[in-house]
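One structure below.
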Number of protein chains: 2
Amino acid sequence: MYSDEIHDLLEEKDIEKGDLVKVNGREGRLMPKPESGDPDSIVLKLASGYNIGLEPEEIELVEERESKEVEKPEVPHSEDKPDILVLHTGGTIASRVSYEEGGVKPAFDPEDLVEMYPELAEKCNIYSELVAQMLSENMEPEHWQEIARKIDEVKDEYDGIIVGHGTDTMSYTGAALSLMLNNIDTGVILVGSQRSSDRPSTDAVMNLHCAADFLIETGFKGVGICMHSSSSDTNCKIMNAAKIRKMHTSKRDAFEPINSEPLGIVNYEEDEIQKNFETKRSEYNPQFDLTTDVGLLKVRPGMKPEELEFMIEQDYGGVIIEGTGLGHMPVDSFDEKTSHHKKILNKLEELADQSLVAMSSQCINGRTDMNVYSAGIKIQEAGIIEAGDMHPELAYVKLMWSLANSESMEEAKELFQTDINGEINRRSTFNG
Amino acid sequence: MYSDEIHDLLEEKDIEKGDLVKVNGREGRLMPKPESGDPDSIVLKLASGYNIGLEPEEIELVEERESKEVEKPEVPHSEDKPDILVLHTGGTIASRVSYEEGGVKPAFDPEDLVEMYPELAEKCNIYSELVAQMLSENMEPEHWQEIARKIDEVKDEYDGIIVGHGTDTMSYTGAALSLMLNNIDTGVILVGSQRSSDRPSTDAVMNLHCAADFLIETGFKGVGICMHSSSSDTNCKIMNAAKIRKMHTSKRDAFEPINSEPLGIVNYEEDEIQKNFETKRSEYNPQFDLTTDVGLLKVRPGMKPEELEFMIEQDYGGVIIEGTGLGHMPVDSFDEKTSHHKKILNKLEELADQSLVAMSSQCINGRTDMNVYSAGIKIQEAGIIEAGDMHPELAYVKLMWSLANSESMEEAKELFQTDINGEINRRSTFNG
């Protein structure tokens, strides 16, 4: 609720939610106050689709909202059509502005989805469930577990599951679900959207459609994500959810497969679905446990010795180092600094004695190789293991999962370096 | 020197440096021990060009090295040709194996360079100087300053300067040199190599050649880097040294321009040099100072409150946050966790009161925009400023430089967000 002052101001001017107003010179539709927002700010949805908060100095009514009763369409379920569940976790993918009920309302009723995506309902029976409701920067490992448990619980009832998710941390969730739902016998596809569903330029529609098409047409089992493969609305790529990364803040094709090839392409221009995966036959083996005390150290010139000290003091279960190049950090030098670097090496040993420490590369693409230079060999001798071609964020999630699902440090090391669900690509065919 | 044991073992078997030997079943040329290496390990250079260290259990001579006296070619200097200085800092770009004198010897005499790159000497008069000699993971901010001061000192004597540099931290050094040598009136190009110069597959030759061609032919002034633009030896791209990143651990075209276009292409296949830059006319304004106490915090699910506490305790001059998406971290949630996130916001305020805190995005490409979501607005209200389209590593170096070259926090904030030498691209033409 807005503060009493704002409330009175709006009443005085006869302004209601959904009206087009001008506040301090900015024009937009008056939005309800978000639950945790500042009650003294007015929230406007601009024509661009973005919301802004303004402390009102001047406010005037431009145009009353059109009042309309929305008739919800019936959901035409049929036994001939596959059953697709849309699980909501928040994010912009399946949300829409509701002036009647207030707020950006997640469209989590099947009716809402059918209304928003009528063509989707022609292809499949849409079901819908809410697991969480948050911007993805607020996702924590416990939420990954909630989502995974929900999928595990309902997977046999559906022909495919689409998980709507904010894009900010979608790659972390993708990695976690991929590990927790190892060899799942249902197709699960994470779908995000870089532009909210109520903006004309939204990518939500196509991402959702392509995900459904891929689930329906290819018999995909496992955990993938589906996002635009270029800036135009012509095709989407479906990728291994563990081996992806958000590589652009805003563009539609922000997600890139890392050290992997897409699992498929849904091409609307050519009306074609490419399938680049083989169906697996191993047994479904869900493991939801995570050890969340995992630290992260980013190597860089000017890195401080106290950062390493801090990691030692915290006594974390695991630590991911984001090294340079093939997996390096300054522990060996032909410079006069040798004694300083010797100390770093001692500290690394101390750290690796108590925590499972894995080296990844801030290059993101490619793989660590700590046998090339003598420094790498020394780092390994200190007890630090390689993340191989797991990029830092994937390695971070894998470490949480490996620590929780092992009896000992040695077992955790082995599990970390073992491919569970396609997250380690041993024989890279990539250039280099 | 190798240990007495190794020394005796080699003597006993009549094995000398440079001989082809088999140690524990691995075949390679016996290398001299690196200065800081383990004296009980034998270093072999494998056929692949990589060095490995082995504790010898078995060692046998396969083939004696061919002894040859290398005649150093004369350096054909001429007044008609431009003068190009090659500054060495280490890395693989200008090093070669020397069995006579021991070790991987940096080829820092002009004679060595002429011998290794005879075609280069036909184009220009090559001069050479050693500034540092280290793998680039050992580079520290003080080394950036040494390199910058050396360039500043000698720039007027040459038509162009090539800086040989290890690739691991080349993008950090590039950003630092670009800022420190603002508007330099000489062309300076950093050149690295992903494969050592003595491997058949080395990329060093072409990178060096292209850098020299670009300096000679285009009249480029400023700080750039020159690396392969694809995996084949057909062309190199020259990029703004501030806006690049090593994006692959091993491939030749590992460097990508970030939120920028290449400054030019040297295309050997088409025998063409493309020039995509305009010549600047501002005054050269070198500023070498750096404030090196800058911390770095990487946002991720499962990030611990104590990481923020640690940053506060350290009382750094500056902190770079690597946020998610448009510049987010969990400070606002519609979840039951709100009170926890309120605390994060208070901590952020405390941090920003004492340090200059800037938010960048782990997406690397694109730019922060903290006015889109309410969480972003709150983070700004806590005193945290945006890094815009400066990717995290660039933002980190820029913060060091801005803090040192300002009188106050306010001035440093302004300097950080002001384009000094092309490191901020205000009007992005990039998709999104």
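To be explicit about the labels: the chains of the structure tokens are called A, B, and onward in the order shown, and within each one the residues are counted from 1, while ligands get numbers from 1 in the order they are shown.
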I'd like the superposed chain B, fitted onto chain A by least squares over all Cα atoms in order, as a short mmCIF file (atom, residue, chain, number, x, y, z; two decimals) with C-alpha atoms, in the first residue's frame.
```cif
data_model
loop_
_atom_site.label_atom_id
_atom_site.label_comp_id
_atom_site.auth_asym_id
_atom_site.auth_seq_id
_atom_site.Cartn_x
_atom_site.Cartn_y
_atom_site.Cartn_z
CA MET B 1 -0.18 -0.10 -0.10
CA TYR B 2 0.95 3.41 -0.76
CA SER B 3 1.39 5.69 2.25
CA ASP B 4 -1.54 7.75 3.51
CA GLU B 5 -0.03 10.85 1.93
CA ILE B 6 0.16 9.26 -1.51
CA HIS B 7 -3.26 7.71 -1.05
CA ASP B 8 -4.80 11.09 -0.20
CA LEU B 9 -2.98 12.77 -3.07
CA LEU B 10 -4.32 10.23 -5.57
CA GLU B 11 -7.83 10.52 -4.15
CA GLU B 12 -7.73 14.28 -4.36
CA LYS B 13 -6.76 14.15 -8.05
CA ASP B 14 -9.25 11.31 -8.74
CA ILE B 15 -6.45 9.11 -10.02
CA GLU B 16 -6.78 5.34 -9.97
CA LYS B 17 -4.41 2.51 -10.65
CA GLY B 18 -4.01 1.90 -14.34
CA ASP B 19 -4.61 5.56 -15.26
CA LEU B 20 -2.11 7.30 -17.51
CA VAL B 21 -0.51 10.00 -15.37
CA LYS B 22 2.35 12.45 -15.43
CA VAL B 23 4.58 12.50 -12.31
CA ASN B 24 7.38 15.07 -12.12
CA GLY B 25 7.15 15.32 -15.89
CA ARG B 26 7.37 11.54 -16.57
CA GLU B 27 4.37 9.92 -18.22
CA GLY B 28 3.27 6.39 -17.48
CA ARG B 29 0.54 4.18 -16.04
CA LEU B 30 0.10 4.29 -12.28
CA MET B 31 1.07 0.95 -10.82
CA PRO B 32 0.19 -0.52 -7.45
CA LYS B 33 3.04 -0.30 -4.96
CA PRO B 34 5.19 -3.46 -4.86
CA GLU B 35 4.94 -5.18 -1.48
CA SER B 36 8.40 -4.21 -0.31
CA GLY B 37 8.64 -0.92 -2.16
CA ASP B 38 8.96 2.51 -0.64
CA PRO B 39 5.39 3.59 0.29
CA ASP B 40 6.27 7.24 -0.42
CA SER B 41 7.24 6.59 -4.04
CA ILE B 42 4.79 6.33 -6.89
CA VAL B 43 5.49 3.52 -9.33
CA LEU B 44 4.89 4.26 -13.01
CA LYS B 45 5.03 1.82 -15.87
CA LEU B 46 6.58 3.78 -18.74
CA ALA B 47 5.68 3.24 -22.39
CA SER B 48 8.94 1.29 -22.65
CA GLY B 49 7.46 -1.28 -20.26
CA TYR B 50 9.88 -0.43 -17.46
CA ASN B 51 8.68 0.51 -13.99
CA ILE B 52 10.17 3.48 -12.22
CA GLY B 53 9.65 4.78 -8.72
CA LEU B 54 9.27 8.53 -8.22
CA GLU B 55 8.71 10.67 -5.15
CA PRO B 56 5.81 12.75 -6.43
CA GLU B 57 6.32 16.51 -6.53
CA GLU B 58 3.75 17.05 -9.26
CA ILE B 59 1.17 14.57 -10.41
CA GLU B 60 -1.56 14.98 -13.01
CA LEU B 61 -4.04 12.74 -14.73
CA VAL B 62 -3.46 12.31 -18.47
CA GLU B 63 -6.04 9.69 -19.34
CA GLU B 64 -8.25 7.31 -17.41
CA ARG B 65 -7.65 3.66 -17.94
CA GLU B 66 -10.08 1.81 -20.12
CA SER B 67 -12.16 -0.34 -17.89
CA LYS B 68 -12.82 -3.70 -19.40
CA GLU B 69 -14.02 -6.93 -18.06
CA VAL B 70 -11.70 -9.62 -19.30
CA GLU B 71 -13.49 -12.77 -20.26
CA LYS B 72 -11.24 -15.64 -19.44
CA PRO B 73 -11.18 -18.15 -22.24
CA GLU B 74 -11.95 -21.74 -21.53
CA VAL B 75 -9.02 -24.07 -21.50
CA PRO B 76 -9.66 -26.57 -24.26
CA HIS B 77 -8.14 -29.71 -22.74
CA SER B 78 -8.18 -32.84 -24.84
CA GLU B 79 -6.89 -36.36 -24.40
CA ASP B 80 -5.17 -36.23 -27.79
CA LYS B 81 -2.86 -33.46 -26.76
CA PRO B 82 0.26 -33.74 -24.61
CA ASP B 83 0.12 -32.40 -21.07
CA ILE B 84 2.57 -29.61 -20.38
CA LEU B 85 3.07 -28.15 -16.92
CA VAL B 86 4.27 -24.58 -16.57
CA LEU B 87 5.98 -24.12 -13.21
CA HIS B 88 6.35 -20.53 -12.16
CA THR B 89 9.16 -19.15 -10.06
CA GLY B 90 8.75 -15.47 -10.86
CA GLY B 91 10.70 -13.39 -13.29
CA THR B 92 9.13 -11.60 -16.20
CA ILE B 93 8.36 -14.65 -18.34
CA ALA B 94 4.80 -15.20 -17.23
CA SER B 95 3.80 -12.01 -15.54
CA ARG B 96 1.40 -9.36 -16.73
CA VAL B 97 0.12 -6.09 -15.47
CA SER B 98 -3.17 -6.37 -13.68
CA TYR B 99 -4.75 -3.00 -12.97
CA GLU B 100 -7.85 -4.62 -11.50
CA GLU B 101 -6.18 -6.65 -8.82
CA GLY B 102 -3.04 -4.62 -8.39
CA GLY B 103 0.60 -5.33 -9.10
CA VAL B 104 2.46 -7.17 -11.74
CA LYS B 105 0.52 -10.34 -11.43
CA PRO B 106 2.13 -13.62 -12.30
CA ALA B 107 -0.09 -15.33 -14.82
CA PHE B 108 -0.06 -18.64 -13.06
CA ASP B 109 -3.56 -19.86 -13.78
CA PRO B 110 -3.82 -21.99 -16.89
CA GLU B 111 -6.55 -19.56 -17.97
CA ASP B 112 -4.12 -16.66 -17.88
CA LEU B 113 -1.59 -18.57 -19.91
CA VAL B 114 -4.18 -19.58 -22.48
CA GLU B 115 -5.26 -15.98 -22.77
CA MET B 116 -1.69 -14.75 -23.14
CA TYR B 117 -0.55 -17.59 -25.39
CA PRO B 118 -3.65 -18.91 -27.21
CA GLU B 119 -1.63 -20.81 -29.83
CA LEU B 120 0.11 -22.75 -27.10
CA ALA B 121 -3.22 -24.12 -25.89
CA GLU B 122 -3.90 -25.51 -29.33
CA LYS B 123 -0.79 -27.68 -29.17
CA CYS B 124 -1.04 -28.99 -25.66
CA ASN B 125 -3.04 -29.12 -22.48
CA ILE B 126 -1.56 -26.43 -20.29
CA TYR B 127 -1.33 -26.90 -16.55
CA SER B 128 0.22 -24.42 -14.23
CA GLU B 129 1.67 -24.26 -10.75
CA LEU B 130 3.45 -21.67 -8.64
CA VAL B 131 6.65 -22.75 -6.84
CA ALA B 132 8.14 -19.39 -6.04
CA GLN B 133 7.62 -15.82 -6.96
CA MET B 134 10.75 -13.73 -7.06
CA LEU B 135 13.19 -11.93 -9.27
CA SER B 136 15.91 -14.42 -9.95
CA GLU B 137 18.64 -12.37 -8.25
CA ASN B 138 16.88 -13.39 -5.03
CA MET B 139 17.08 -17.11 -5.75
CA GLU B 140 19.02 -19.05 -3.15
CA PRO B 141 20.15 -22.69 -3.17
CA GLU B 142 17.09 -23.63 -1.05
CA HIS B 143 14.86 -22.42 -3.89
CA TRP B 144 16.71 -24.66 -6.33
CA GLN B 145 15.84 -27.53 -4.02
CA GLU B 146 12.16 -26.54 -3.82
CA ILE B 147 11.92 -26.40 -7.60
CA ALA B 148 13.73 -29.74 -8.01
CA ARG B 149 11.54 -31.47 -5.40
CA LYS B 150 8.40 -30.15 -7.05
CA ILE B 151 9.53 -31.42 -10.45
CA ASP B 152 10.45 -34.79 -8.95
CA GLU B 153 7.00 -35.01 -7.34
CA VAL B 154 4.92 -34.25 -10.43
CA LYS B 155 7.10 -35.32 -13.36
CA ASP B 156 5.21 -38.53 -14.11
CA GLU B 157 1.94 -36.68 -14.57
CA TYR B 158 3.14 -34.62 -17.53
CA ASP B 159 4.68 -35.03 -20.95
CA GLY B 160 6.94 -32.10 -20.33
CA ILE B 161 7.62 -29.36 -17.79
CA ILE B 162 8.45 -25.73 -18.51
CA VAL B 163 10.00 -23.73 -15.67
CA GLY B 164 9.54 -19.98 -15.99
CA HIS B 165 12.56 -18.29 -14.39
CA GLY B 166 14.15 -14.85 -14.19
CA THR B 167 17.21 -14.63 -16.40
CA ASP B 168 19.66 -13.14 -13.87
CA THR B 169 20.56 -16.41 -12.16
CA MET B 170 18.93 -18.87 -14.56
CA SER B 171 22.27 -20.48 -15.36
CA TYR B 172 22.93 -21.24 -11.67
CA THR B 173 19.46 -22.79 -11.27
CA GLY B 174 19.95 -24.68 -14.54
CA ALA B 175 23.18 -26.23 -13.28
CA ALA B 176 21.59 -27.14 -9.95
CA LEU B 177 18.47 -28.74 -11.48
CA SER B 178 20.58 -30.62 -13.98
CA LEU B 179 22.64 -32.19 -11.18
CA MET B 180 19.79 -32.75 -8.73
CA LEU B 181 17.52 -34.35 -11.36
CA ASN B 182 20.23 -36.51 -12.89
CA ASN B 183 18.84 -38.56 -15.78
CA ILE B 184 15.28 -37.42 -15.24
CA ASP B 185 12.91 -39.28 -17.58
CA THR B 186 10.81 -36.19 -18.36
CA GLY B 187 11.79 -33.18 -20.42
CA VAL B 188 12.27 -30.07 -18.26
CA ILE B 189 13.00 -26.75 -19.96
CA LEU B 190 13.80 -23.49 -18.22
CA VAL B 191 12.44 -20.46 -20.02
CA GLY B 192 13.20 -16.84 -19.30
CA SER B 193 12.45 -13.57 -20.90
CA GLN B 194 14.61 -10.52 -21.35
CA ARG B 195 11.63 -8.17 -21.95
CA SER B 196 8.48 -8.39 -19.84
CA SER B 197 5.49 -10.13 -21.29
CA ASP B 198 3.49 -6.95 -21.55
CA ARG B 199 6.00 -5.11 -23.72
CA PRO B 200 5.45 -5.24 -27.45
CA SER B 201 9.03 -6.39 -27.89
CA THR B 202 8.72 -9.28 -25.46
CA ASP B 203 10.63 -12.45 -26.20
CA ALA B 204 8.53 -14.42 -23.72
CA VAL B 205 6.03 -15.66 -26.29
CA MET B 206 8.53 -17.21 -28.62
CA ASN B 207 10.69 -18.69 -25.87
CA LEU B 208 7.66 -20.39 -24.33
CA HIS B 209 6.33 -21.63 -27.67
CA CYS B 210 9.67 -23.03 -28.74
CA ALA B 211 10.13 -24.80 -25.40
CA ALA B 212 6.70 -26.41 -25.74
CA ASP B 213 7.35 -27.42 -29.36
CA PHE B 214 10.68 -28.94 -28.46
CA LEU B 215 9.18 -30.91 -25.57
CA ILE B 216 6.28 -32.11 -27.69
CA GLU B 217 8.15 -32.92 -30.90
CA THR B 218 11.54 -34.30 -29.91
CA GLY B 219 10.95 -36.54 -26.91
CA PHE B 220 13.67 -34.65 -25.06
CA LYS B 221 14.42 -35.95 -21.54
CA GLY B 222 16.65 -34.02 -19.19
CA VAL B 223 17.07 -30.40 -18.14
CA GLY B 224 17.46 -27.74 -20.81
CA ILE B 225 16.88 -24.06 -21.28
CA CYS B 226 15.23 -22.35 -24.22
CA MET B 227 16.06 -18.78 -25.24
CA HIS B 228 16.37 -16.74 -28.42
CA SER B 229 19.28 -17.66 -30.64
CA SER B 230 19.46 -14.25 -32.30
CA SER B 231 17.97 -10.83 -31.77
CA SER B 232 15.17 -11.52 -34.23
CA ASP B 233 12.07 -13.57 -33.46
CA THR B 234 12.90 -16.38 -35.85
CA ASN B 235 14.42 -19.13 -33.79
CA CYS B 236 15.33 -20.32 -30.32
CA LYS B 237 18.07 -22.59 -29.15
CA ILE B 238 17.62 -25.27 -26.54
CA MET B 239 20.76 -25.76 -24.49
CA ASN B 240 22.06 -28.04 -21.76
CA ALA B 241 20.92 -26.14 -18.66
CA ALA B 242 24.22 -26.82 -16.89
CA LYS B 243 26.50 -25.46 -19.59
CA ILE B 244 25.11 -22.02 -20.29
CA ARG B 245 25.78 -18.49 -19.16
CA LYS B 246 24.02 -15.16 -19.44
CA MET B 247 26.51 -13.27 -21.59
CA HIS B 248 24.66 -10.01 -22.18
CA THR B 249 22.77 -7.73 -19.79
CA SER B 250 19.87 -6.96 -22.10
CA LYS B 251 19.74 -8.53 -25.53
CA ARG B 252 17.30 -11.34 -26.34
CA ASP B 253 19.96 -13.84 -27.29
CA ALA B 254 21.79 -13.24 -24.02
CA PHE B 255 22.38 -16.90 -23.25
CA GLU B 256 25.25 -18.80 -24.78
CA PRO B 257 26.15 -22.44 -24.51
CA ILE B 258 29.54 -22.73 -22.79
CA ASN B 259 31.89 -25.46 -24.02
CA SER B 260 28.91 -27.25 -25.53
CA GLU B 261 26.67 -27.27 -28.55
CA PRO B 262 22.94 -26.50 -28.41
CA LEU B 263 20.70 -29.53 -27.88
CA GLY B 264 18.49 -28.28 -30.65
CA ILE B 265 17.06 -25.35 -32.56
CA VAL B 266 13.41 -24.50 -33.03
CA ASN B 267 13.35 -22.50 -36.22
CA TYR B 268 10.06 -20.74 -36.95
CA GLU B 269 11.22 -19.20 -40.19
CA GLU B 270 11.98 -22.61 -41.70
CA ASP B 271 9.29 -24.34 -39.65
CA GLU B 272 11.89 -26.85 -38.55
CA ILE B 273 13.08 -28.42 -35.33
CA GLN B 274 16.69 -29.53 -35.21
CA LYS B 275 17.55 -32.14 -32.62
CA ASN B 276 21.22 -32.51 -31.69
CA PHE B 277 21.03 -34.83 -28.72
CA GLU B 278 21.01 -38.53 -28.12
CA THR B 279 18.48 -40.06 -25.78
CA LYS B 280 20.10 -41.36 -22.63
CA ARG B 281 19.24 -44.61 -20.95
CA SER B 282 20.74 -44.36 -17.45
CA GLU B 283 18.55 -44.59 -14.40
CA TYR B 284 16.92 -41.50 -12.89
CA ASN B 285 18.84 -40.68 -9.76
CA PRO B 286 17.60 -37.57 -7.95
CA GLN B 287 19.91 -36.13 -5.28
CA PHE B 288 18.70 -32.89 -3.78
CA ASP B 289 21.33 -32.25 -1.10
CA LEU B 290 23.60 -29.23 -1.35
CA THR B 291 26.41 -27.99 0.88
CA THR B 292 26.00 -24.26 0.62
CA ASP B 293 29.16 -23.08 2.39
CA VAL B 294 31.22 -22.66 -0.73
CA GLY B 295 33.42 -19.59 -1.17
CA LEU B 296 34.64 -17.99 -4.35
CA LEU B 297 37.97 -16.28 -4.97
CA LYS B 298 38.62 -14.31 -8.13
CA VAL B 299 42.28 -14.09 -9.10
CA ARG B 300 43.47 -10.76 -10.50
CA PRO B 301 46.47 -8.44 -10.37
CA GLY B 302 46.32 -6.67 -7.02
CA MET B 303 44.54 -9.57 -5.29
CA LYS B 304 45.19 -9.27 -1.56
CA PRO B 305 46.76 -11.92 0.68
CA GLU B 306 43.93 -11.26 3.17
CA GLU B 307 41.40 -12.60 0.67
CA LEU B 308 43.05 -15.99 0.93
CA GLU B 309 43.29 -15.60 4.73
CA PHE B 310 39.57 -14.89 4.83
CA MET B 311 38.82 -18.10 2.93
CA ILE B 312 40.97 -20.04 5.41
CA GLU B 313 39.27 -18.42 8.42
CA GLN B 314 35.81 -19.17 7.10
CA ASP B 315 36.66 -22.86 6.93
CA TYR B 316 34.24 -23.41 4.07
CA GLY B 317 33.36 -26.85 2.82
CA GLY B 318 34.57 -25.82 -0.61
CA VAL B 319 36.16 -22.94 -2.49
CA ILE B 320 36.08 -22.17 -6.20
CA ILE B 321 39.04 -20.18 -7.50
CA GLU B 322 38.46 -18.23 -10.69
CA GLY B 323 41.99 -18.34 -12.00
CA THR B 324 43.47 -16.75 -15.10
CA GLY B 325 44.16 -18.54 -18.38
CA LEU B 326 44.53 -22.30 -18.07
CA GLY B 327 43.98 -22.10 -14.30
CA HIS B 328 46.69 -19.88 -12.91
CA MET B 329 47.32 -17.60 -10.00
CA PRO B 330 50.54 -15.94 -8.87
CA VAL B 331 52.42 -18.62 -6.97
CA ASP B 332 55.55 -18.75 -9.06
CA SER B 333 57.56 -15.93 -10.41
CA PHE B 334 60.97 -15.27 -11.91
CA ASP B 335 60.65 -11.88 -10.31
CA GLU B 336 62.10 -10.63 -7.03
CA LYS B 337 58.70 -11.38 -5.47
CA THR B 338 59.38 -15.08 -5.11
CA SER B 339 59.17 -15.17 -1.33
CA HIS B 340 55.77 -13.47 -1.38
CA HIS B 341 54.53 -16.07 -3.81
CA LYS B 342 55.95 -18.92 -1.75
CA LYS B 343 53.73 -17.65 1.03
CA ILE B 344 50.71 -17.75 -1.26
CA LEU B 345 51.51 -21.36 -2.03
CA ASN B 346 51.67 -22.20 1.68
CA LYS B 347 48.32 -20.52 2.21
CA LEU B 348 46.84 -22.48 -0.67
CA GLU B 349 48.02 -25.69 0.96
CA GLU B 350 46.43 -24.68 4.24
CA LEU B 351 43.18 -23.86 2.44
CA ALA B 352 43.14 -27.11 0.49
CA ASP B 353 43.79 -29.11 3.67
CA GLN B 354 40.46 -28.06 5.11
CA SER B 355 38.29 -27.29 2.06
CA LEU B 356 37.74 -28.86 -1.32
CA VAL B 357 39.35 -26.25 -3.55
CA ALA B 358 38.81 -26.33 -7.31
CA MET B 359 40.41 -24.12 -9.95
CA SER B 360 38.30 -22.82 -12.81
CA SER B 361 39.13 -20.20 -15.42
CA GLN B 362 37.78 -16.67 -15.72
CA CYS B 363 38.14 -17.12 -19.48
CA ILE B 364 34.82 -19.04 -19.15
CA ASN B 365 35.33 -20.86 -22.47
CA GLY B 366 37.88 -23.62 -22.83
CA ARG B 367 39.21 -25.76 -20.01
CA THR B 368 41.76 -25.60 -17.23
CA ASP B 369 45.03 -27.39 -17.86
CA MET B 370 47.36 -27.15 -14.91
CA ASN B 371 50.03 -29.44 -16.31
CA VAL B 372 51.33 -26.98 -18.89
CA TYR B 373 53.20 -24.54 -16.66
CA SER B 374 55.14 -25.27 -13.50
CA ALA B 375 52.93 -22.90 -11.49
CA GLY B 376 49.92 -25.03 -12.36
CA ILE B 377 51.72 -28.15 -11.22
CA LYS B 378 52.56 -26.50 -7.91
CA ILE B 379 48.96 -25.42 -7.38
CA GLN B 380 47.89 -29.02 -7.93
CA GLU B 381 50.56 -30.22 -5.51
CA ALA B 382 49.04 -27.88 -2.93
CA GLY B 383 45.90 -30.03 -3.22
CA ILE B 384 43.80 -27.96 -5.59
CA ILE B 385 41.87 -29.82 -8.25
CA GLU B 386 40.86 -28.75 -11.74
CA ALA B 387 37.36 -27.78 -12.81
CA GLY B 388 38.19 -28.79 -16.39
CA ASP B 389 35.71 -27.32 -18.80
CA MET B 390 33.19 -26.37 -16.11
CA HIS B 391 32.99 -22.59 -16.15
CA PRO B 392 33.23 -20.89 -12.73
CA GLU B 393 29.49 -20.59 -11.97
CA LEU B 394 28.83 -24.18 -12.97
CA ALA B 395 31.85 -25.34 -10.95
CA TYR B 396 30.47 -23.43 -7.95
CA VAL B 397 27.11 -25.23 -8.11
CA LYS B 398 28.77 -28.57 -8.85
CA LEU B 399 30.98 -28.18 -5.78
CA MET B 400 27.94 -27.53 -3.53
CA TRP B 401 26.31 -30.65 -4.91
CA SER B 402 29.43 -32.86 -4.81
CA LEU B 403 30.22 -32.00 -1.19
CA ALA B 404 26.68 -32.85 -0.05
CA ASN B 405 26.48 -36.13 -1.91
CA SER B 406 29.80 -37.62 -0.76
CA GLU B 407 30.99 -39.33 2.39
CA SER B 408 34.54 -37.97 2.31
CA MET B 409 36.67 -35.24 0.79
CA GLU B 410 38.26 -37.77 -1.57
CA GLU B 411 34.87 -38.98 -2.73
CA ALA B 412 33.70 -35.40 -3.21
CA LYS B 413 36.77 -34.64 -5.35
CA GLU B 414 36.02 -37.61 -7.53
CA LEU B 415 32.34 -36.74 -7.80
CA PHE B 416 33.20 -33.14 -8.71
CA GLN B 417 35.36 -34.32 -11.59
CA THR B 418 32.87 -36.98 -12.77
CA ASP B 419 30.32 -36.11 -15.42
CA ILE B 420 26.87 -36.48 -13.87
CA ASN B 421 24.53 -35.09 -16.47
CA GLY B 422 26.52 -33.63 -19.35
CA GLU B 423 28.15 -30.83 -17.34
CA ILE B 424 31.66 -32.08 -18.12
CA ASN B 425 32.68 -32.41 -21.73
CA ARG B 426 35.81 -34.55 -21.71
CA ARG B 427 36.74 -34.55 -25.35
CA SER B 428 36.21 -31.02 -26.40
CA THR B 429 35.86 -30.50 -30.13
CA PHE B 430 36.25 -26.79 -29.63
CA ASN B 431 38.91 -24.80 -31.29
CA GLY B 432 41.97 -24.95 -29.10
#
```
_With DSSP run on the backbone, what are the alpha helix (DSSP H) residues within region 97-270 of chain A? I'd like them as a ChimeraX atom specification._
/A:110-116,118-123,141-154,170-180,204-218
*Which parts of region 303-394 of chain B does DSSP call strand (DSSP E or B) when run on the backbone here, written out as a list in words?*
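So, restricting region 303-394 of chain B to strand (DSSP E or B), we get Gly318, Val319, Ile320, Ile321, Glu322, Gly323, Thr324, His328, Leu356, Val357, Ala358, Met359, Ser360, Ser361, Asn365, Ile385 and Glu386 of chain B.
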Prev. selection, C-alpha atoms, output as a PDB file, in the first residue's frame:
```pdb
ATOM      1  CA  GLY B 318      37.134   0.937  -3.586  1.00  0.00           C
ATOM      2  CA  VAL B 319      35.069  -2.172  -4.223  1.00  0.00           C
ATOM      3  CA  ILE B 320      33.821  -3.586  -7.507  1.00  0.00           C
ATOM      4  CA  ILE B 321      30.657  -5.667  -7.275  1.00  0.00           C
ATOM      5  CA  GLU B 322      30.100  -8.169 -10.055  1.00  0.00           C
ATOM      6  CA  GLY B 323      26.327  -8.167  -9.996  1.00  0.00           C
ATOM      7  CA  THR B 324      23.881 -10.230 -12.012  1.00  0.00           C
ATOM      8  CA  HIS B 328      21.573  -6.647  -9.398  1.00  0.00           C
ATOM      9  CA  LEU B 356      33.831   3.917  -3.625  1.00  0.00           C
ATOM     10  CA  VAL B 357      31.607   1.015  -4.622  1.00  0.00           C
ATOM     11  CA  ALA B 358      30.744   0.403  -8.267  1.00  0.00           C
ATOM     12  CA  MET B 359      28.370  -2.177  -9.714  1.00  0.00           C
ATOM     13  CA  SER B 360      29.334  -4.040 -12.868  1.00  0.00           C
ATOM     14  CA  SER B 361      27.701  -7.047 -14.488  1.00  0.00           C
ATOM     15  CA  ASN B 365      28.663  -7.777 -22.433  1.00  0.00           C
ATOM     16  CA  ILE B 385      27.441   3.783  -8.641  1.00  0.00           C
ATOM     17  CA  GLU B 386      27.155   2.077 -12.010  1.00  0.00           C
TER      18      GLU B 386
END
```
